[in-house]
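K.L.:
Contents of start25.txt (compact mmCIF, C-alpha atoms) are given next:
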# COMPACT_ATOMS: atom_id res chain seq x y z
CA MET A 24 83.95 4.13 29.04
CA SER A 25 80.82 2.86 27.27
CA GLU A 26 77.41 3.39 28.85
CA THR A 27 76.79 -0.37 28.83
CA LEU A 28 79.93 -1.02 30.88
CA VAL A 29 79.03 1.76 33.32
CA ALA A 30 75.55 0.22 33.70
CA ILE A 31 77.07 -3.19 34.49
CA LEU A 32 79.57 -1.74 36.98
CA LEU A 33 76.92 0.29 38.78
CA GLY A 34 74.60 -2.72 38.86
CA ILE A 35 77.36 -4.77 40.50
CA VAL A 36 78.03 -2.02 43.04
CA GLU A 37 74.31 -1.73 43.86
CA GLY A 38 73.81 -5.48 44.12
CA ILE A 39 76.80 -5.92 46.44
CA THR A 40 76.19 -2.96 48.73
CA GLU A 41 72.39 -2.54 49.03
CA PHE A 42 71.97 -5.05 51.85
CA LEU A 43 75.43 -4.93 53.40
CA PRO A 44 75.99 -2.36 56.18
CA VAL A 45 78.34 -0.35 53.95
CA SER A 46 75.98 2.11 52.15
CA SER A 47 74.95 1.48 48.55
CA THR A 48 74.21 5.16 47.92
CA GLY A 49 77.59 6.14 49.31
CA HIS A 50 79.38 3.65 47.08
CA LEU A 51 77.49 4.81 44.00
CA ILE A 52 78.45 8.42 44.79
CA LEU A 53 82.11 7.50 45.24
CA ALA A 54 81.96 5.36 42.08
CA SER A 55 80.85 8.41 40.12
CA GLU A 56 83.92 10.30 41.39
CA LEU A 57 86.31 7.41 40.82
CA LEU A 58 85.12 6.50 37.32
CA GLY A 59 84.70 10.12 36.29
CA TYR A 60 81.27 9.80 34.71
CA ASP A 61 78.53 12.44 34.88
CA ALA A 62 76.74 11.64 38.15
CA ALA A 63 73.75 13.84 37.30
CA THR A 64 73.13 11.90 34.09
CA TRP A 65 73.10 8.60 35.97
CA ALA A 66 71.27 9.77 39.12
CA MET A 67 67.87 8.42 38.06
CA PHE A 68 69.50 5.20 36.85
CA ASN A 69 70.98 4.69 40.32
CA VAL A 70 67.53 5.03 41.88
CA VAL A 71 65.72 2.68 39.50
CA ILE A 72 68.25 -0.17 39.66
CA GLN A 73 67.70 -0.36 43.43
CA LEU A 74 64.44 -2.09 42.57
CA GLY A 75 66.48 -4.92 41.07
CA ALA A 76 68.13 -5.50 44.44
CA ILE A 77 64.74 -5.28 46.18
CA LEU A 78 63.32 -7.91 43.80
CA ALA A 79 66.08 -10.25 44.97
CA VAL A 80 64.61 -10.15 48.51
CA VAL A 81 61.14 -10.98 47.17
CA VAL A 82 62.49 -13.95 45.20
CA LEU A 83 64.68 -15.34 47.99
CA TYR A 84 62.03 -14.95 50.69
CA TRP A 85 58.91 -15.67 48.64
CA ARG A 86 57.89 -18.46 51.02
CA THR A 87 57.95 -16.00 53.94
CA PHE A 88 55.85 -13.47 52.03
CA TRP A 89 53.43 -16.19 50.93
CA ALA A 90 53.06 -17.45 54.50
CA VAL A 91 52.47 -13.92 55.80
CA ALA A 92 49.92 -13.12 53.06
CA SER A 93 47.98 -16.34 53.65
CA GLY A 94 48.22 -15.77 57.41
CA LEU A 95 46.70 -12.32 57.05
CA LEU A 96 43.70 -13.85 55.30
CA ARG A 97 43.34 -16.35 58.15
CA MET A 98 43.74 -13.56 60.74
CA ASN A 99 46.90 -15.22 62.06
CA PRO A 100 48.30 -12.97 64.84
CA VAL A 101 51.93 -13.68 63.92
CA SER A 102 51.35 -12.57 60.32
CA TRP A 103 49.57 -9.43 61.50
CA ARG A 104 52.41 -8.55 63.91
CA PHE A 105 54.98 -9.17 61.15
CA THR A 106 53.14 -6.82 58.79
CA ARG A 107 52.50 -4.24 61.51
CA ASN A 108 56.18 -4.13 62.44
CA LEU A 109 57.33 -3.54 58.86
CA LEU A 110 54.77 -0.79 58.23
CA VAL A 111 55.37 0.97 61.56
CA ALA A 112 59.16 0.90 61.07
CA PHE A 113 58.68 2.37 57.58
CA VAL A 114 56.61 5.39 58.70
CA PRO A 115 59.43 7.53 60.20
CA ALA A 116 61.51 7.25 57.02
CA ALA A 117 58.48 8.15 54.88
CA VAL A 118 57.58 11.23 56.93
CA ILE A 119 61.11 12.54 57.55
CA GLY A 120 62.21 11.68 54.01
CA LEU A 121 59.40 13.78 52.53
CA ALA A 122 60.11 16.67 54.90
CA LEU A 123 63.88 16.74 54.30
CA HIS A 124 64.02 15.60 50.67
CA SER A 125 65.63 18.79 49.31
CA LYS A 126 68.31 18.82 52.03
CA ILE A 127 69.08 15.16 51.45
CA GLU A 128 69.57 15.82 47.74
CA VAL A 129 72.21 18.44 48.57
CA LEU A 130 74.16 15.91 50.65
CA LEU A 131 74.06 13.42 47.79
CA GLY A 132 76.45 15.70 45.91
CA GLU A 133 79.07 15.64 48.69
CA PRO A 134 81.46 12.66 48.34
CA MET A 135 83.51 13.82 51.36
CA VAL A 136 80.39 13.44 53.52
CA VAL A 137 80.15 9.85 52.31
CA ALA A 138 83.80 9.17 53.12
CA TRP A 139 83.53 10.47 56.70
CA ALA A 140 80.20 8.68 57.22
CA LEU A 141 81.86 5.39 56.20
CA VAL A 142 84.56 5.81 58.85
CA ILE A 143 82.24 6.99 61.63
CA GLY A 144 79.69 4.29 60.81
CA GLY A 145 82.37 1.60 60.91
CA ILE A 146 83.50 2.73 64.36
CA ALA A 147 79.87 2.78 65.53
CA ILE A 148 79.37 -0.82 64.37
CA LEU A 149 82.46 -1.97 66.29
CA VAL A 150 81.29 -0.18 69.43
CA ILE A 151 77.75 -1.57 69.24
CA GLU A 152 78.99 -5.11 68.57
CA ARG A 153 81.24 -4.86 71.65
CA LEU A 154 78.59 -3.39 73.94
CA VAL A 155 75.65 -5.57 72.90
CA LYS A 156 76.21 -9.02 74.38
CA SER A 157 72.75 -10.57 74.73
CA ALA A 158 69.76 -10.74 72.40
CA THR A 159 66.35 -11.79 73.64
CA ILE A 160 64.21 -11.22 70.55
CA HIS A 161 64.08 -13.90 67.85
CA GLY A 162 61.71 -13.36 64.93
CA ILE A 163 60.44 -10.17 63.30
CA ALA A 164 56.90 -10.69 64.58
CA GLU A 165 58.23 -10.88 68.15
CA ILE A 166 59.78 -7.39 68.18
CA PRO A 167 57.72 -5.20 70.57
CA LEU A 168 56.02 -2.20 68.98
CA VAL A 169 57.98 0.41 70.96
CA ARG A 170 61.27 -1.11 69.76
CA VAL A 171 60.00 -1.24 66.19
CA ILE A 172 59.34 2.51 66.39
CA GLY A 173 62.87 3.01 67.70
CA ILE A 174 64.35 1.01 64.81
CA GLY A 175 62.28 3.06 62.35
CA PHE A 176 63.70 6.33 63.66
CA ILE A 177 67.26 4.98 63.78
CA GLN A 178 66.92 3.95 60.12
CA CYS A 179 66.42 7.65 59.29
CA ILE A 180 70.07 8.34 60.16
CA ALA A 181 70.83 6.64 56.84
CA MET A 182 69.44 9.69 55.03
CA ILE A 183 72.99 10.96 55.43
CA PRO A 184 74.77 9.38 52.43
CA GLY A 185 77.40 6.89 53.52
CA VAL A 186 75.66 5.87 56.74
CA SER A 187 73.89 2.81 55.19
CA ARG A 188 70.19 2.10 55.52
CA SER A 189 70.76 -1.58 56.23
CA GLY A 190 73.57 -0.76 58.67
CA ALA A 191 71.47 1.72 60.62
CA THR A 192 68.52 -0.68 60.73
CA ILE A 193 70.63 -3.65 61.81
CA MET A 194 72.61 -1.76 64.46
CA GLY A 195 69.43 -0.17 65.76
CA ALA A 196 67.81 -3.58 66.06
CA LEU A 197 70.86 -5.09 67.75
CA SER A 198 71.04 -2.27 70.28
CA LEU A 199 67.36 -2.88 71.10
CA GLY A 200 67.82 -6.58 71.84
CA VAL A 201 67.17 -8.25 68.47
CA GLU A 202 69.49 -11.14 67.56
CA ARG A 203 71.77 -10.87 64.53
CA ARG A 204 69.97 -12.98 61.92
CA THR A 205 66.57 -11.46 62.73
CA ALA A 206 68.10 -7.96 62.62
CA ALA A 207 69.60 -8.65 59.19
CA GLU A 208 66.37 -10.11 57.80
CA PHE A 209 64.33 -7.24 59.22
CA SER A 210 66.59 -4.84 57.31
CA PHE A 211 65.99 -6.88 54.11
CA PHE A 212 62.22 -6.77 54.46
CA LEU A 213 62.10 -3.14 55.59
CA ALA A 214 64.05 -2.22 52.45
CA ILE A 215 61.03 -3.12 50.31
CA PRO A 216 58.59 -0.36 51.41
CA THR A 217 61.45 2.07 52.11
CA MET A 218 63.11 1.77 48.70
CA LEU A 219 59.80 1.54 46.83
CA GLY A 220 58.76 4.78 48.51
CA ALA A 221 62.08 6.49 47.76
CA THR A 222 62.03 5.35 44.13
CA THR A 223 58.42 6.46 43.63
CA LEU A 224 59.22 9.88 45.10
CA GLU A 225 62.21 10.31 42.80
CA LEU A 226 60.23 9.25 39.75
CA LEU A 227 57.41 11.67 40.54
CA LYS A 228 59.72 14.58 41.25
CA ASN A 229 61.96 13.99 38.24
CA HIS A 230 59.61 12.70 35.54
CA ASP A 231 60.73 15.47 33.16
CA ALA A 232 64.36 14.52 33.68
CA ILE A 233 63.55 10.89 32.93
CA ALA A 234 62.06 11.77 29.58
CA SER A 235 65.13 13.77 28.57
CA ALA A 236 67.81 11.62 30.19
CA ARG A 237 70.68 10.44 28.01
CA VAL A 238 70.77 7.08 29.78
CA GLY A 239 68.38 4.81 27.88
CA TRP A 240 66.12 2.00 28.98
CA ASP A 241 68.64 -0.54 27.67
CA GLU A 242 71.20 0.63 30.23
CA ILE A 243 68.55 0.71 32.97
CA ALA A 244 67.50 -2.86 32.14
CA ILE A 245 71.13 -4.04 32.20
CA GLY A 246 71.75 -2.35 35.56
CA PHE A 247 68.48 -3.70 36.99
CA VAL A 248 69.22 -7.32 36.01
CA THR A 249 72.84 -7.07 37.16
CA ALA A 250 71.82 -5.67 40.56
CA PHE A 251 69.18 -8.42 40.92
CA ILE A 252 71.58 -11.30 40.21
CA VAL A 253 74.39 -9.95 42.36
CA ALA A 254 72.04 -9.13 45.26
CA ILE A 255 70.74 -12.73 45.35
CA VAL A 256 74.27 -14.05 45.81
CA VAL A 257 75.21 -11.38 48.37
CA ILE A 258 72.11 -11.84 50.56
CA LYS A 259 72.72 -15.58 50.92
CA TRP A 260 76.39 -15.00 51.72
CA PHE A 261 75.68 -12.12 54.12
CA VAL A 262 73.26 -14.06 56.34
CA GLY A 263 75.80 -16.86 56.71
CA ILE A 264 78.65 -14.48 57.53
CA VAL A 265 76.82 -12.49 60.22
CA SER A 266 75.45 -15.62 61.85
CA LYS A 267 79.01 -16.89 62.39
CA HIS A 268 81.23 -13.81 62.56
CA GLY A 269 79.01 -10.82 63.29
CA PHE A 270 79.35 -7.42 61.60
CA ALA A 271 82.94 -6.51 62.50
CA PRO A 272 84.36 -7.45 59.04
CA PHE A 273 82.05 -4.90 57.42
CA ALA A 274 82.95 -2.30 60.04
CA TRP A 275 86.65 -2.64 59.25
CA TYR A 276 85.92 -2.49 55.53
CA ARG A 277 84.01 0.77 56.06
CA ILE A 278 86.88 2.29 58.03
CA VAL A 279 89.54 1.32 55.49
CA ALA A 280 87.40 2.38 52.50
CA GLY A 281 86.44 5.65 54.18
CA ILE A 282 90.04 6.56 55.06
CA GLY A 283 91.08 5.69 51.52
CA ALA A 284 88.32 7.88 50.07
CA ILE A 285 89.17 10.80 52.38
CA THR A 286 92.83 10.59 51.35
CA TRP A 287 92.02 10.37 47.66
CA LEU A 288 89.46 13.19 47.72
CA SER A 289 91.85 15.44 49.67
CA MET A 290 94.65 14.90 47.13
CA ARG A 291 92.62 15.61 44.00
Now, as a test, write the supplied structure out as structure tokens.
P.N.:
Amino acid sequence: MSETLVAILLGIVEGITEFLPVSSTGHLILASELLGYDAATWAMFNVVIQLGAILAVVVLYWRTFWAVASGLLRMNPVSWRFTRNLLVAFVPAAVIGLALHSKIEVLLGEPMVVAWALVIGGIAILVIERLVKSATIHGIAEIPLVRVIGIGFIQCIAMIPGVSRSGATIMGALSLGVERRTAAEFSFFLAIPTMLGATTLELLKNHDAIASARVGWDEIAIGFVTAFIVAIVVIKWFVGIVSKHGFAPFAWYRIVAGIGAITWLSMR
């Protein structure tokens, strides 16, 4: 398989899965096993193209970011609470991610961990959706600080590949009384500092590998643009789906995909 085609396929996988509660990292790991390419060669590529998906959030929600930025200059309390909530929720992932970085990297090489995490995460989503009946918090700026801290720590569960950063964030928010659309959008916005931090850390730790990597900047650019375009479509679709049908369809997808991956990996 040509490197250009691999770049396109991985860009599509990243764009589809980054903001859905199905784990983009887990799917990229399983894709490396399924397609049979050298995962180590493409590891840095997988990190960098996440920025393409993050850019999609900035483009789609530019009015929100503009309103928040202008509100900060005017000392608007809603804008300040919005910004505070994102930064506070990001801190646990930054601290724990730095402390456990080497252990997390070991797990990234374990596709069976991803498969089981998909199944367990899918069951958890079904349980949370069934148990959580009422939501009293509408709007990111309205989430109380103590609940924001809780969401930030729950997001850290996603350091286990296959759990899903967006899934952990959304389910954590739902369980703490945040309504579905706000929970989904909070996960979108929280992805920006979280993924920028993770990408920066990887680039700093692996700058020598980048210089000697066989995957060129052409492939990275193709993957970046592909992830960006696909993520724009998926984000719009995702918000509409969860507003009407909740997260159960993604839970069942996780369970079926996880069982399929466990079966396939066990038979190899």
K.L.:
For A:Gln178, which residue among A:Leu28, A:Leu224, A:Val101, A:Ala214 is the nearest when counting only C-alpha atoms?
P.N.:
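That would be A:Ala214, the residue with the smallest distance to A:Gln178.
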K.L.:
Neighbouring residues of A:Ser157 were defined as those with any atom within 9 Å, considering only C-alpha atoms; residues of the same chain fewer than 2 positions away were excluded. Please report them as a PyMOL selection string.
P.N.:
chain A and resi 155+159+200-202
K.L.:
Between A:Gly281, A:Ala30, A:Cys179, A:Gly246, which residue has the minimum interatomic distance to A:Leu121, considering only C-alpha atoms?
P.N.:
A:Cys179
K.L.:
Just want the 10 Å neighbourhood of stretch 284-290 of chain A, counted on all atoms listed in the file, with same-chain residues fewer than 4 positions away dropped. Output as a VMD selection string.
P.N.:
chain A and resid 53 56 to 57 134 to 139 141 to 142 278 to 280
K.L.:
Quick one: residues within 8 Å of A:Ile35, all atoms listed in the file, excluding same-chain residues fewer than 3 positions away - as a list in words?
P.N.:
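Listing them by chain and then by number gives Ile31, Leu32, Gly38, Ile39, Gly246, Thr249, Ala250 and Val253 of chain A.
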K.L.:
Record the distance separating atom CA of A:Gly190 and atom CA of A:Val114, expressed in Å with one decimal.
P.N.:
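These atoms are spaced 18.0 Å apart.
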K.L.:
Grab the atom CA of A:Phe113 to atom CA of A:Gly75 distance for me, in Å with one decimal place.
P.N.:
19.7 Å
K.L.:
To one decimal place, how far is atom CA of A:Ile160 from atom CA of A:Thr205 in Å?
P.N.:
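About the pair atom CA of A:Ile160 and atom CA of A:Thr205: they are 8.2 Å apart.
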K.L.:
Would you please work out which residue, of A:Ile72, A:Ala158, A:Ala116, A:Ile146, is nearest to A:Gly173 when using only C-alpha atoms?
P.N.:
A:Ala116
